[in-house]
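S.K.: What follows is upload05.cif, mmCIF, N, CA and C atoms.
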```cif
data_final
#
loop_
_atom_site.label_atom_id
_atom_site.label_comp_id
_atom_site.auth_asym_id
_atom_site.auth_seq_id
_atom_site.Cartn_x
_atom_site.Cartn_y
_atom_site.Cartn_z
N THR A 1 -8.11 0.68 -17.49
CA THR A 1 -8.40 1.87 -16.73
C THR A 1 -7.14 2.70 -16.54
N ARG A 2 -7.34 3.91 -16.09
CA ARG A 2 -6.19 4.79 -15.85
C ARG A 2 -5.30 4.23 -14.73
N LYS A 3 -5.91 3.56 -13.74
CA LYS A 3 -5.11 2.98 -12.67
C LYS A 3 -4.18 1.91 -13.21
N ALA A 4 -4.71 1.04 -14.07
CA ALA A 4 -3.89 -0.03 -14.64
C ALA A 4 -2.75 0.55 -15.48
N ILE A 5 -3.05 1.60 -16.21
CA ILE A 5 -2.00 2.27 -17.00
C ILE A 5 -0.95 2.84 -16.06
N GLY A 6 -1.40 3.46 -14.97
CA GLY A 6 -0.47 3.99 -13.98
C GLY A 6 0.40 2.91 -13.37
N ASP A 7 -0.20 1.74 -13.11
CA ASP A 7 0.57 0.62 -12.55
C ASP A 7 1.69 0.20 -13.50
N VAL A 8 1.37 0.12 -14.78
CA VAL A 8 2.37 -0.26 -15.79
C VAL A 8 3.45 0.81 -15.85
N GLN A 9 3.04 2.07 -15.86
CA GLN A 9 4.01 3.16 -15.92
C GLN A 9 4.92 3.15 -14.69
N ALA A 10 4.35 2.89 -13.53
CA ALA A 10 5.15 2.82 -12.30
C ALA A 10 6.14 1.67 -12.39
N PHE A 11 5.69 0.52 -12.89
CA PHE A 11 6.56 -0.64 -13.04
C PHE A 11 7.73 -0.33 -13.96
N GLN A 12 7.48 0.51 -14.97
CA GLN A 12 8.52 0.88 -15.93
C GLN A 12 9.31 2.11 -15.49
N ASP A 13 9.12 2.52 -14.24
CA ASP A 13 9.80 3.69 -13.66
C ASP A 13 9.49 4.98 -14.41
N GLU A 14 8.32 5.05 -15.01
CA GLU A 14 7.83 6.29 -15.63
C GLU A 14 6.97 6.99 -14.58
N ASN A 15 7.65 7.49 -13.55
CA ASN A 15 6.96 7.96 -12.35
C ASN A 15 6.06 9.16 -12.58
N GLU A 16 6.49 10.12 -13.37
CA GLU A 16 5.65 11.29 -13.62
C GLU A 16 4.39 10.90 -14.38
N ALA A 17 4.54 10.04 -15.37
CA ALA A 17 3.38 9.57 -16.13
C ALA A 17 2.46 8.75 -15.23
N ALA A 18 3.02 7.93 -14.37
CA ALA A 18 2.21 7.14 -13.44
C ALA A 18 1.43 8.04 -12.50
N LEU A 19 2.08 9.07 -11.99
CA LEU A 19 1.41 10.01 -11.10
C LEU A 19 0.23 10.67 -11.81
N GLU A 20 0.44 11.07 -13.04
CA GLU A 20 -0.63 11.70 -13.82
C GLU A 20 -1.78 10.72 -14.04
N SER A 21 -1.47 9.49 -14.39
CA SER A 21 -2.51 8.48 -14.60
C SER A 21 -3.29 8.22 -13.31
N TYR A 22 -2.59 8.11 -12.19
CA TYR A 22 -3.25 7.89 -10.92
C TYR A 22 -4.15 9.08 -10.55
N GLN A 23 -3.68 10.29 -10.80
CA GLN A 23 -4.49 11.46 -10.48
C GLN A 23 -5.76 11.51 -11.35
N GLN A 24 -5.64 11.12 -12.62
CA GLN A 24 -6.82 11.06 -13.49
C GLN A 24 -7.79 9.99 -13.00
N ALA A 25 -7.26 8.85 -12.61
CA ALA A 25 -8.11 7.77 -12.10
C ALA A 25 -8.80 8.19 -10.80
N LEU A 26 -8.06 8.88 -9.94
CA LEU A 26 -8.62 9.35 -8.68
C LEU A 26 -9.79 10.29 -8.93
N ALA A 27 -9.64 11.20 -9.89
CA ALA A 27 -10.72 12.12 -10.22
C ALA A 27 -11.96 11.36 -10.70
N LEU A 28 -11.74 10.34 -11.51
CA LEU A 28 -12.87 9.54 -12.01
C LEU A 28 -13.55 8.78 -10.87
N PHE A 29 -12.77 8.16 -9.99
CA PHE A 29 -13.36 7.42 -8.88
C PHE A 29 -14.14 8.36 -7.96
N ARG A 30 -13.62 9.55 -7.74
CA ARG A 30 -14.34 10.52 -6.91
C ARG A 30 -15.64 10.94 -7.58
N ALA A 31 -15.59 11.14 -8.89
CA ALA A 31 -16.78 11.57 -9.63
C ALA A 31 -17.91 10.55 -9.54
N VAL A 32 -17.56 9.27 -9.50
CA VAL A 32 -18.59 8.23 -9.44
C VAL A 32 -18.83 7.74 -8.02
N GLY A 33 -18.10 8.28 -7.05
CA GLY A 33 -18.32 7.92 -5.66
C GLY A 33 -17.79 6.55 -5.26
N SER A 34 -16.73 6.10 -5.91
CA SER A 34 -16.15 4.79 -5.58
C SER A 34 -15.08 4.94 -4.51
N ARG A 35 -15.46 4.66 -3.26
CA ARG A 35 -14.50 4.76 -2.16
C ARG A 35 -13.40 3.71 -2.30
N LEU A 36 -13.76 2.51 -2.76
CA LEU A 36 -12.76 1.47 -2.96
C LEU A 36 -11.76 1.91 -4.03
N GLY A 37 -12.24 2.47 -5.12
CA GLY A 37 -11.35 2.96 -6.17
C GLY A 37 -10.41 4.03 -5.64
N GLU A 38 -10.96 4.96 -4.86
CA GLU A 38 -10.12 6.01 -4.27
C GLU A 38 -9.05 5.41 -3.36
N ALA A 39 -9.45 4.44 -2.54
CA ALA A 39 -8.49 3.81 -1.63
C ALA A 39 -7.40 3.08 -2.41
N ASN A 40 -7.79 2.39 -3.47
CA ASN A 40 -6.80 1.67 -4.28
C ASN A 40 -5.81 2.63 -4.91
N ILE A 41 -6.29 3.79 -5.35
CA ILE A 41 -5.38 4.80 -5.90
C ILE A 41 -4.47 5.33 -4.81
N SER A 42 -5.01 5.57 -3.62
CA SER A 42 -4.16 6.03 -2.51
C SER A 42 -3.06 5.04 -2.22
N LEU A 43 -3.40 3.74 -2.24
CA LEU A 43 -2.38 2.72 -2.01
C LEU A 43 -1.32 2.76 -3.12
N SER A 44 -1.76 2.91 -4.36
CA SER A 44 -0.81 3.00 -5.48
C SER A 44 0.06 4.24 -5.37
N LEU A 45 -0.53 5.36 -4.98
CA LEU A 45 0.26 6.59 -4.80
C LEU A 45 1.28 6.41 -3.68
N GLY A 46 0.89 5.69 -2.64
CA GLY A 46 1.84 5.40 -1.56
C GLY A 46 3.00 4.57 -2.04
N ARG A 47 2.70 3.57 -2.86
CA ARG A 47 3.77 2.71 -3.40
C ARG A 47 4.68 3.50 -4.33
N LEU A 48 4.09 4.37 -5.13
CA LEU A 48 4.89 5.19 -6.03
C LEU A 48 5.82 6.10 -5.23
N ALA A 49 5.29 6.73 -4.20
CA ALA A 49 6.11 7.61 -3.36
C ALA A 49 7.20 6.83 -2.63
N ARG A 50 6.87 5.63 -2.14
CA ARG A 50 7.89 4.81 -1.46
C ARG A 50 9.02 4.45 -2.42
N GLY A 51 8.67 4.16 -3.66
CA GLY A 51 9.67 3.84 -4.67
C GLY A 51 10.61 5.00 -4.96
N GLN A 52 10.13 6.21 -4.67
CA GLN A 52 10.94 7.40 -4.87
C GLN A 52 11.56 7.89 -3.56
N ASN A 53 11.46 7.03 -2.52
CA ASN A 53 11.99 7.33 -1.19
C ASN A 53 11.36 8.56 -0.56
N GLN A 54 10.11 8.83 -0.91
CA GLN A 54 9.34 9.92 -0.29
C GLN A 54 8.47 9.28 0.79
N LEU A 55 9.10 8.93 1.89
CA LEU A 55 8.45 8.09 2.88
C LEU A 55 7.31 8.78 3.61
N THR A 56 7.41 10.07 3.85
CA THR A 56 6.31 10.79 4.50
C THR A 56 5.07 10.78 3.62
N THR A 57 5.26 11.07 2.35
CA THR A 57 4.15 11.06 1.40
C THR A 57 3.60 9.65 1.26
N ALA A 58 4.48 8.67 1.19
CA ALA A 58 4.05 7.27 1.08
C ALA A 58 3.21 6.88 2.28
N ARG A 59 3.65 7.25 3.46
CA ARG A 59 2.93 6.94 4.69
C ARG A 59 1.54 7.58 4.67
N GLU A 60 1.46 8.84 4.27
CA GLU A 60 0.17 9.54 4.25
C GLU A 60 -0.82 8.87 3.30
N HIS A 61 -0.39 8.58 2.09
CA HIS A 61 -1.28 7.93 1.12
C HIS A 61 -1.72 6.54 1.60
N THR A 62 -0.77 5.80 2.15
CA THR A 62 -1.08 4.44 2.59
C THR A 62 -2.01 4.45 3.80
N GLN A 63 -1.82 5.37 4.71
CA GLN A 63 -2.73 5.48 5.85
C GLN A 63 -4.13 5.89 5.41
N THR A 64 -4.22 6.72 4.39
CA THR A 64 -5.52 7.09 3.83
C THR A 64 -6.23 5.85 3.29
N ALA A 65 -5.50 5.06 2.53
CA ALA A 65 -6.07 3.83 1.98
C ALA A 65 -6.50 2.89 3.10
N LEU A 66 -5.64 2.72 4.09
CA LEU A 66 -5.94 1.83 5.20
C LEU A 66 -7.23 2.23 5.91
N ALA A 67 -7.39 3.51 6.16
CA ALA A 67 -8.60 3.97 6.86
C ALA A 67 -9.86 3.60 6.09
N VAL A 68 -9.83 3.74 4.77
CA VAL A 68 -10.99 3.40 3.96
C VAL A 68 -11.22 1.89 3.97
N TYR A 69 -10.17 1.12 3.79
CA TYR A 69 -10.30 -0.34 3.78
C TYR A 69 -10.90 -0.84 5.10
N ARG A 70 -10.48 -0.23 6.21
CA ARG A 70 -11.01 -0.65 7.51
C ARG A 70 -12.51 -0.36 7.60
N THR A 71 -12.95 0.79 7.12
CA THR A 71 -14.37 1.13 7.21
C THR A 71 -15.21 0.24 6.29
N MET A 72 -14.59 -0.31 5.26
CA MET A 72 -15.30 -1.16 4.32
C MET A 72 -15.26 -2.63 4.74
N ASP A 73 -14.58 -2.93 5.83
CA ASP A 73 -14.39 -4.31 6.27
C ASP A 73 -13.82 -5.15 5.13
N ASN A 74 -12.68 -4.68 4.62
CA ASN A 74 -12.02 -5.32 3.48
C ASN A 74 -10.68 -5.89 3.99
N PRO A 75 -10.69 -7.11 4.50
CA PRO A 75 -9.48 -7.63 5.15
C PRO A 75 -8.27 -7.78 4.23
N TRP A 76 -8.46 -8.21 2.99
CA TRP A 76 -7.33 -8.39 2.08
C TRP A 76 -6.60 -7.07 1.85
N ASN A 77 -7.35 -6.05 1.46
CA ASN A 77 -6.71 -4.77 1.18
C ASN A 77 -6.20 -4.11 2.46
N THR A 78 -6.89 -4.34 3.58
CA THR A 78 -6.39 -3.83 4.87
C THR A 78 -5.01 -4.42 5.15
N ALA A 79 -4.90 -5.72 4.96
CA ALA A 79 -3.61 -6.39 5.20
C ALA A 79 -2.53 -5.88 4.25
N LEU A 80 -2.89 -5.66 2.99
CA LEU A 80 -1.90 -5.13 2.04
C LEU A 80 -1.41 -3.74 2.45
N ALA A 81 -2.34 -2.90 2.90
CA ALA A 81 -1.95 -1.56 3.33
C ALA A 81 -1.06 -1.63 4.57
N LEU A 82 -1.40 -2.50 5.50
CA LEU A 82 -0.57 -2.67 6.69
C LEU A 82 0.82 -3.18 6.32
N TRP A 83 0.88 -4.10 5.38
CA TRP A 83 2.16 -4.62 4.91
C TRP A 83 2.98 -3.48 4.30
N ASP A 84 2.32 -2.67 3.49
CA ASP A 84 3.03 -1.53 2.89
C ASP A 84 3.52 -0.57 3.97
N LEU A 85 2.70 -0.31 4.99
CA LEU A 85 3.14 0.57 6.07
C LEU A 85 4.34 -0.04 6.80
N GLY A 86 4.35 -1.35 6.95
CA GLY A 86 5.52 -2.01 7.53
C GLY A 86 6.77 -1.78 6.70
N ARG A 87 6.62 -1.87 5.40
CA ARG A 87 7.76 -1.63 4.51
C ARG A 87 8.24 -0.18 4.60
N ILE A 88 7.30 0.74 4.66
CA ILE A 88 7.66 2.15 4.78
C ILE A 88 8.44 2.38 6.07
N GLU A 89 7.93 1.84 7.17
CA GLU A 89 8.61 2.04 8.45
C GLU A 89 9.96 1.33 8.48
N LYS A 90 10.05 0.19 7.84
CA LYS A 90 11.33 -0.51 7.75
C LYS A 90 12.35 0.37 7.02
N GLU A 91 11.93 0.95 5.90
CA GLU A 91 12.84 1.81 5.14
C GLU A 91 13.19 3.08 5.91
N ALA A 92 12.29 3.51 6.81
CA ALA A 92 12.56 4.69 7.64
C ALA A 92 13.34 4.32 8.90
N HIS A 93 13.72 3.02 9.01
CA HIS A 93 14.48 2.50 10.15
C HIS A 93 13.69 2.57 11.46
N ASN A 94 12.37 2.49 11.35
CA ASN A 94 11.48 2.43 12.51
C ASN A 94 11.07 0.97 12.71
N VAL A 95 11.99 0.20 13.26
CA VAL A 95 11.81 -1.25 13.34
C VAL A 95 10.60 -1.63 14.20
N ILE A 96 10.39 -0.96 15.30
CA ILE A 96 9.26 -1.31 16.17
C ILE A 96 7.94 -1.06 15.45
N ALA A 97 7.81 0.08 14.78
CA ALA A 97 6.59 0.37 14.03
C ALA A 97 6.42 -0.61 12.88
N ALA A 98 7.50 -0.92 12.20
CA ALA A 98 7.44 -1.88 11.09
C ALA A 98 6.93 -3.23 11.58
N ARG A 99 7.49 -3.68 12.69
CA ARG A 99 7.09 -4.98 13.24
C ARG A 99 5.60 -4.98 13.62
N THR A 100 5.13 -3.87 14.18
CA THR A 100 3.72 -3.77 14.57
C THR A 100 2.81 -3.88 13.34
N PHE A 101 3.15 -3.16 12.28
CA PHE A 101 2.34 -3.22 11.06
C PHE A 101 2.40 -4.62 10.42
N TYR A 102 3.60 -5.18 10.35
CA TYR A 102 3.75 -6.52 9.79
C TYR A 102 2.92 -7.54 10.58
N GLN A 103 2.98 -7.44 11.91
CA GLN A 103 2.27 -8.40 12.74
C GLN A 103 0.76 -8.32 12.52
N GLU A 104 0.23 -7.11 12.43
CA GLU A 104 -1.20 -6.97 12.19
C GLU A 104 -1.57 -7.50 10.81
N ALA A 105 -0.74 -7.21 9.81
CA ALA A 105 -0.99 -7.73 8.46
C ALA A 105 -0.97 -9.25 8.47
N LEU A 106 0.02 -9.82 9.16
CA LEU A 106 0.14 -11.28 9.22
C LEU A 106 -1.08 -11.91 9.88
N SER A 107 -1.54 -11.31 10.96
CA SER A 107 -2.71 -11.83 11.66
C SER A 107 -3.93 -11.89 10.73
N ILE A 108 -4.14 -10.83 9.98
CA ILE A 108 -5.27 -10.79 9.04
C ILE A 108 -5.08 -11.82 7.94
N MET A 109 -3.88 -11.86 7.38
CA MET A 109 -3.64 -12.78 6.27
C MET A 109 -3.78 -14.24 6.69
N GLU A 110 -3.34 -14.56 7.90
CA GLU A 110 -3.53 -15.93 8.39
C GLU A 110 -5.02 -16.23 8.56
N ARG A 111 -5.76 -15.27 9.08
CA ARG A 111 -7.18 -15.47 9.31
C ARG A 111 -7.96 -15.72 8.03
N ILE A 112 -7.56 -15.02 6.94
CA ILE A 112 -8.29 -15.17 5.68
C ILE A 112 -7.67 -16.22 4.77
N GLY A 113 -6.57 -16.82 5.20
CA GLY A 113 -5.93 -17.86 4.41
C GLY A 113 -5.24 -17.33 3.16
N ALA A 114 -4.63 -16.17 3.27
CA ALA A 114 -3.94 -15.55 2.13
C ALA A 114 -2.72 -16.39 1.72
N PRO A 115 -2.50 -16.51 0.42
CA PRO A 115 -1.39 -17.35 -0.06
C PRO A 115 -0.01 -16.71 0.11
N VAL A 116 0.06 -15.47 0.59
CA VAL A 116 1.34 -14.76 0.68
C VAL A 116 1.89 -14.69 2.11
N VAL A 117 1.34 -15.50 3.00
CA VAL A 117 1.78 -15.48 4.39
C VAL A 117 3.28 -15.74 4.51
N ALA A 118 3.79 -16.70 3.76
CA ALA A 118 5.22 -17.04 3.84
C ALA A 118 6.08 -15.85 3.41
N ASP A 119 5.64 -15.12 2.40
CA ASP A 119 6.39 -13.95 1.94
C ASP A 119 6.45 -12.88 3.04
N LEU A 120 5.32 -12.66 3.69
CA LEU A 120 5.29 -11.67 4.77
C LEU A 120 6.16 -12.12 5.93
N ARG A 121 6.12 -13.39 6.26
CA ARG A 121 6.98 -13.91 7.34
C ARG A 121 8.46 -13.69 7.02
N THR A 122 8.82 -13.88 5.76
CA THR A 122 10.21 -13.66 5.33
C THR A 122 10.61 -12.21 5.56
N GLU A 123 9.75 -11.29 5.16
CA GLU A 123 10.06 -9.86 5.38
C GLU A 123 10.17 -9.55 6.86
N MET A 124 9.29 -10.13 7.66
CA MET A 124 9.34 -9.89 9.09
C MET A 124 10.65 -10.40 9.68
N ALA A 125 11.12 -11.54 9.22
CA ALA A 125 12.36 -12.12 9.73
C ALA A 125 13.55 -11.22 9.40
N GLU A 126 13.47 -10.47 8.33
CA GLU A 126 14.56 -9.57 7.95
C GLU A 126 14.70 -8.39 8.92
N LEU A 127 13.70 -8.17 9.76
CA LEU A 127 13.80 -7.09 10.76
C LEU A 127 14.70 -7.48 11.92
N GLU A 128 14.89 -8.78 12.12
CA GLU A 128 15.67 -9.27 13.27
C GLU A 128 17.12 -8.90 13.14
#
```
Output the structure of this file as structure tokens.
M.R.:
Amino acid sequence: TRKAIGDVQAFQDENEAALESYQQALALFRAVGSRLGEANISLSLGRLARGQNQLTTAREHTQTALAVYRTMDNPWNTALALWDLGRIEKEAHNVIAARTFYQEALSIMERIGAPVVADLRTEMAELE
């Protein structure tokens, strides 16, 4: 899919190409009415923006994804979006906000038995 291509391009730091792929994927998801697809693209756009230190844009995209995940009762993706928001706030030196997002993500991940709890705990400890 265009999203997967965008993910590879983002990984290879081909940011403009990744942005274009994500925008094409977003148009397709909107055309077919896939809210989950749209949210996943928003999360990817947030990650791409964070990688370029565009924290305001990253925050906006990630909050958009989070809102959709919450309405869909999707705990895994909700936790991932919260984790990303924690990272964004950490990079913006908003330690209190980062800790709040990390804590909510951790709570969800523990509840669902996510295998990445230790990784999140490590990031949280780096805030101290």
S.K.: Would you mind reading off the distance between CA of Phe29 in chain A and CA of Ser44 in chain A, one decimal, in Å?
M.R.: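 Atom-to-atom, CA of Phe29 in chain A and CA of Ser44 in chain A are spaced 13.7 Å apart.
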S.K.: Using the file's own x, y and z axes, what box holds all listed atoms of range 104-113 of chain A with 6 Å on each side, keeping edges along x, y and z, and what are its centre and edge lengths in Å to one decimal, as AutoDock Vina command-line options?
M.R.:
```
--center_x -4.0 --center_y -12.4 --center_z 7.8 --size_x 20.5 --size_y 22.9 --size_z 21.3
```
S.K.: Any idea what's packed within 8 Å of Ala27 in chain A, counting only N, CA and C atoms, ignoring anything in its chain fewer than 6 positions away? Could you give it as a PyMOL selection string?
M.R.: chain A and resi 21+33+38
S.K.: Could you list, as a ChimeraX atom specification, every residue within 6.5 Å of Ile88 in chain A, counting only N, CA and C atoms and ignoring same-chain residues fewer than 5 positions away?
M.R.: /A:55,83,93
S.K.: Find the residue from A:Arg2, A:Val8, A:Glu126, A:Leu66 that sits nearest to Ala79 in chain A; use all atoms listed in the file when measuring.
M.R.: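 Between A:Arg2, A:Val8, A:Glu126, A:Leu66, the residue approaching Ala79 in chain A most closely is A:Leu66.
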S.K.: Mind checking which residues fall within 12 Å of Gln23 in chain A, counting only C-alpha atoms, ignoring those fewer than 4 positions away in the same chain, and posting them as a VMD selection string?
M.R.: chain A and resid 2 to 3 5 to 6 16 to 19 27 to 30 37 to 38 40 to 42 44 to 45
S.K.: Interatomic distance between CA of Ala25 in chain A and CA of Arg47 in chain A?
M.R.: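 We find that CA of Ala25 in chain A and CA of Arg47 in chain A lie 15.6 Å from each other.
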S.K.: Excluding same-chain residues fewer than 2 positions from range 96-109 of chain A, what lies within 6 Å of it counting all atoms listed in the file, as a list in words?
M.R.: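 The residues satisfying every condition are Ala79, Leu82, Trp83, Leu85, Gly86, Arg87, Glu89, Lys90, Asn94, Arg111, Ile112, Gly113 and Ala114 of chain A.
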S.K.: List as number ranges by chain the protein and nucleic acid residues near Tyr69 in chain A, meaning an atom at most 10 Å away when only C-alpha atoms are counted, but skip any in the same chain fewer than 2 places from it.
M.R.: A: 35-36, 39-40, 63-67, 71-81
S.K.: DSSP on the backbone: which residues in range 31-78 of chain A end up as alpha helix (DSSP H)? Give the answer as number ranges by chain.
M.R.: A: 31-32, 35-51, 55-71, 75-78
S.K.: For the atom pair atom C of Gln54 in chain A and atom N of Asp84 in chain A, what is the interatomic distance in Å to one decimal place?
M.R.: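 Taking atom C of Gln54 in chain A and atom N of Asp84 in chain A, their separation equals 13.7 Å.
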